[in-house]
>>> print(open('start-v8.pdb').read())   # PDB, C-alpha atoms
ATOM      1  CA  MET K 110      52.231  81.591 139.666
ATOM      2  CA  GLU K 111      55.614  80.581 138.300
ATOM      3  CA  ILE K 112      57.917  82.715 136.133
ATOM      4  CA  ARG K 113      60.144  80.949 133.624
ATOM      5  CA  ILE K 114      63.005  82.941 132.154
ATOM      6  CA  ASN K 115      64.180  82.536 128.550
ATOM      7  CA  THR K 116      61.804  79.705 127.666
ATOM      8  CA  LEU K 117      59.407  81.645 125.423
ATOM      9  CA  THR K 118      59.022  80.019 122.000
ATOM     10  CA  PRO K 119      57.819  81.803 118.865
ATOM     11  CA  GLU K 120      54.652  79.698 118.894
ATOM     12  CA  LEU K 121      53.831  80.534 122.512
ATOM     13  CA  PHE K 122      54.673  84.187 121.882
ATOM     14  CA  ILE K 123      52.151  84.303 119.028
ATOM     15  CA  HIS K 124      49.507  82.527 121.135
ATOM     16  CA  LEU K 125      49.868  84.993 124.037
ATOM     17  CA  TYR K 126      50.121  87.971 121.673
ATOM     18  CA  LYS K 127      46.846  87.016 119.978
ATOM     19  CA  SER K 128      45.146  86.382 123.343
ATOM     20  CA  VAL K 129      45.087  90.123 124.061
ATOM     21  CA  GLY K 130      43.778  91.030 120.604
ATOM     22  CA  TRP K 131      47.051  92.054 118.977
ATOM     23  CA  GLU K 132      47.825  91.123 115.371
ATOM     24  CA  PRO K 133      51.120  89.202 115.529
ATOM     25  CA  PRO K 134      54.009  89.473 113.106
ATOM     26  CA  CYS K 135      54.999  86.391 111.102
ATOM     27  CA  ILE K 136      56.732  83.582 112.961
ATOM     28  CA  GLU K 137      60.107  84.292 111.307
ATOM     29  CA  GLN K 138      59.998  87.878 112.575
ATOM     30  CA  VAL K 139      59.077  86.671 116.078
ATOM     31  CA  ARG K 140      61.909  84.111 116.019
ATOM     32  CA  THR K 141      64.416  86.826 115.040
ATOM     33  CA  ALA K 142      63.115  89.141 117.766
ATOM     34  CA  LEU K 143      63.344  86.441 120.426
ATOM     35  CA  ASN K 144      66.881  85.537 119.345
ATOM     36  CA  ASN K 145      67.898  89.179 119.863
ATOM     37  CA  THR K 146      66.053  89.691 123.147
ATOM     38  CA  LEU K 147      68.026  90.148 126.365
ATOM     39  CA  ALA K 148      65.548  88.029 128.347
ATOM     40  CA  THR K 149      62.012  86.686 128.163
ATOM     41  CA  PHE K 150      59.696  86.037 131.095
ATOM     42  CA  THR K 151      56.699  83.734 130.865
ATOM     43  CA  CYS K 152      54.135  83.385 133.638
ATOM     44  CA  TYR K 153      52.489  80.017 134.249
ATOM     45  CA  ASP K 154      49.501  79.156 136.379
ATOM     46  CA  GLY K 155      50.206  75.470 136.888
ATOM     47  CA  ASN K 156      51.086  74.207 133.414
ATOM     48  CA  CYS K 157      49.094  76.932 131.681
ATOM     49  CA  PRO K 158      51.002  79.916 130.215
ATOM     50  CA  VAL K 159      49.092  83.083 131.137
ATOM     51  CA  GLY K 160      51.458  85.956 130.351
ATOM     52  CA  MET K 161      54.759  87.111 128.896
ATOM     53  CA  VAL K 162      57.091  90.058 128.621
ATOM     54  CA  ARG K 163      60.361  90.669 126.771
ATOM     55  CA  LEU K 164      63.334  92.724 127.935
ATOM     56  CA  ILE K 165      65.390  94.399 125.221
ATOM     57  CA  GLY K 166      68.135  96.992 125.433
ATOM     58  CA  ASP K 167      71.829  97.744 125.447
ATOM     59  CA  GLY K 168      72.666  95.980 128.715
ATOM     60  CA  GLY K 169      74.342  99.082 130.105
ATOM     61  CA  MET K 170      72.153 102.163 130.271
ATOM     62  CA  SER K 171      68.755 101.421 128.775
ATOM     63  CA  PHE K 172      66.356  98.522 129.106
ATOM     64  CA  TYR K 173      63.006  98.391 127.368
ATOM     65  CA  VAL K 174      59.897  96.455 128.405
ATOM     66  CA  LYS K 175      58.237  95.022 125.299
ATOM     67  CA  ASP K 176      55.309  92.764 124.393
ATOM     68  CA  PHE K 177      53.863  92.647 127.910
ATOM     69  CA  ALA K 178      50.715  90.539 127.592
ATOM     70  CA  VAL K 179      48.534  88.720 130.113
ATOM     71  CA  VAL K 180      45.616  86.640 128.838
ATOM     72  CA  PRO K 181      42.370  88.485 129.623
ATOM     73  CA  TYR K 182      40.946  85.925 132.062
ATOM     74  CA  HIS K 183      44.135  86.201 134.174
ATOM     75  CA  GLN K 184      44.380  90.000 134.224
ATOM     76  CA  GLY K 185      44.029  91.386 137.728
ATOM     77  CA  LYS K 186      45.076  88.090 139.334
ATOM     78  CA  GLY K 187      48.779  88.794 139.896
ATOM     79  CA  ALA K 188      50.366  87.490 136.693
ATOM     80  CA  GLY K 189      51.400  90.959 135.499
ATOM     81  CA  LYS K 190      52.819  91.810 138.907
ATOM     82  CA  CYS K 191      54.863  88.591 138.950
ATOM     83  CA  LEU K 192      56.195  89.263 135.454
ATOM     84  CA  LEU K 193      57.188  92.856 136.166
ATOM     85  CA  GLU K 194      58.815  91.973 139.494
ATOM     86  CA  ALA K 195      60.829  89.168 137.868
ATOM     87  CA  LEU K 196      61.932  91.481 135.059
ATOM     88  CA  GLU K 197      63.052  94.212 137.460
ATOM     89  CA  CYS K 198      64.881  91.702 139.657
ATOM     90  CA  TYR K 199      66.672  90.393 136.563
ATOM     91  CA  VAL K 200      67.797  93.901 135.618
ATOM     92  CA  LYS K 201      69.041  94.603 139.162
ATOM     93  CA  GLU K 202      71.025  91.353 139.211
ATOM     94  CA  CYS K 203      72.602  91.992 135.797
ATOM     95  CA  LYS K 204      73.916  95.497 136.460
ATOM     96  CA  PRO K 205      76.801  96.536 138.701
ATOM     97  CA  LEU K 206      75.643  97.880 142.068
ATOM     98  CA  ASN K 207      76.754 101.464 141.387
ATOM     99  CA  TRP K 208      75.029 101.740 137.986
ATOM    100  CA  THR K 209      71.682 103.427 137.460
ATOM    101  CA  VAL K 210      69.803 102.266 134.392
ATOM    102  CA  SER K 211      66.636 103.344 132.632
ATOM    103  CA  LEU K 212      63.690 100.933 132.445
ATOM    104  CA  GLU K 213      61.343 102.163 129.712
ATOM    105  CA  LEU K 214      58.080 101.191 128.023
ATOM    106  CA  ILE K 215      55.141 102.521 126.073
ATOM    107  CA  SER K 216      51.908 101.846 127.929
ATOM    108  CA  SER K 217      48.408 101.465 126.636
ATOM    109  CA  LYS K 218      46.005 103.980 128.186
ATOM    110  CA  GLU K 219      44.359 101.177 130.145
ATOM    111  CA  ALA K 220      47.629 100.020 131.747
ATOM    112  CA  VAL K 221      48.974 103.379 132.978
ATOM    113  CA  ALA K 222      47.648 102.904 136.533
ATOM    114  CA  PHE K 223      49.202  99.421 136.686
ATOM    115  CA  TYR K 224      52.661 100.700 135.742
ATOM    116  CA  LYS K 225      52.406 103.674 138.099
ATOM    117  CA  LYS K 226      51.981 101.214 140.998
ATOM    118  CA  PHE K 227      55.479  99.957 140.175
ATOM    119  CA  GLY K 228      57.095 103.405 140.101
ATOM    120  CA  PHE K 229      56.899 104.175 136.379
ATOM    121  CA  GLU K 230      56.257 107.810 135.527
ATOM    122  CA  GLU K 231      54.027 109.053 132.753
ATOM    123  CA  ARG K 232      55.555 110.751 129.771
ATOM    124  CA  PRO K 233      55.396 113.610 129.215
ATOM    125  CA  CYS K 234      56.377 114.518 132.719
ATOM    126  CA  ALA K 235      57.365 117.822 134.317
ATOM    127  CA  TRP K 236      61.106 117.262 133.930
ATOM    128  CA  ASP K 237      61.395 115.563 130.530
ATOM    129  CA  GLY K 238      59.823 115.198 127.095
ATOM    130  CA  PRO K 239      57.239 112.626 125.987
ATOM    131  CA  GLY K 240      57.907 109.001 125.126
ATOM    132  CA  MET K 241      57.803 108.652 121.346
ATOM    133  CA  PHE K 242      57.963 105.985 118.675
ATOM    134  CA  LYS K 243      57.679 105.583 114.933
ATOM    135  CA  MET K 244      56.613 102.475 113.031
ATOM    136  CA  VAL K 245      58.706 101.808 109.925
ATOM    137  CA  ARG K 246      57.063  99.730 107.201
TER     138      ARG K 246
END
>>> encode(input="start-v8.pdb", output="structure tokens")
Amino acid sequence: MEIRINTLTPELFIHLYKSVGWEPPCIEQVRTALNNTLATFTCYDGNCPVGMVRLIGDGGMSFYVKDFAVVPYHQGKGAGKCLLEALECYVKECKPLNWTVSLELISSKEAVAFYKKFGFEERPCAWDGPGMFKMVR
């Protein structure tokens, strides 16, 4: 598996997004999102793209994991692990050594165990409130 950073195109984004059964936004919206993303990570098995994830945030205190998708036939084969490890390494390299930052995401129910293996905690948790979001249309 190979991870390529900041090479994700709108067309490839839409292809990978659809591969997991999600309904993608229009290509103009994807292009705008990618232009405003801190970093993208695309996983390749040989020349075949098999997964992606975006990193968004303020670059100082909060980073958000978004659009994490691995094509179904590659799930459970290490692509997700490679993507998440590359993303976390990127964050560690971008921040000053003495800074602590928040790495956040909203998980599907099926992916909770995967994220827990990498040290993510479920929300709600004993010491804080639940993760929340609102879709604005």
>>> closest_residue(input="start-v8.pdb", among="K:Val139, K:Leu214, K:Val180, K:Leu193", to="Ile165 in chain K", atoms="all atoms listed in the file")
K:Leu214
>>> residues_around(input="start-v8.pdb", residues="Asn115 in chain K", least_positions_apart="6", cutoff="10 Å", atoms="all atoms listed in the file", output="VMD selection string")
chain K and resid 143 146 to 151 163
>>> residues_around(input="start-v8.pdb", residues="Arg140 in chain K", least_positions_apart="5", cutoff="12 Å", atoms="only C-alpha atoms", output="PyMOL selection string")
chain K and resi 117-123+133-135+145-146
>>> resolve_selection(input="start-v8.pdb", expression="the PyMOL selection byres ((chain K and resi 155) around 12)", output="NGL selection string")
:K and (110-113 or 152-154 or 156-159)
>>> residues_around(input="start-v8.pdb", residues="range 218-231 of chain K", least_positions_apart="5", cutoff="9 Å", atoms="all atoms listed in the file", output="ChimeraX atom specification")
/K:189-190,193-194,212-213,239-240
>>> resolve_selection(input="start-v8.pdb", expression="the PyMOL selection byres ((chain K and resi 166-169) around 8)", output="PyMOL selection string")
chain K and resi 146-147+164-165+170-173+204+210
>>> atom_distance(input="start-v8.pdb", atom1="CA of Gly185 in chain K", atom2="CA of Thr116 in chain K")
23.5 Å
>>> axis_aligned_box(input="start-v8.pdb", around="range 178-191 of chain K", padding_each_side="8 Å", output="lines of an AutoDock Vina configuration file")
center_x = 47.9
center_y = 88.9
center_z = 133.7
size_x = 29.9
size_y = 21.9
size_z = 28.3
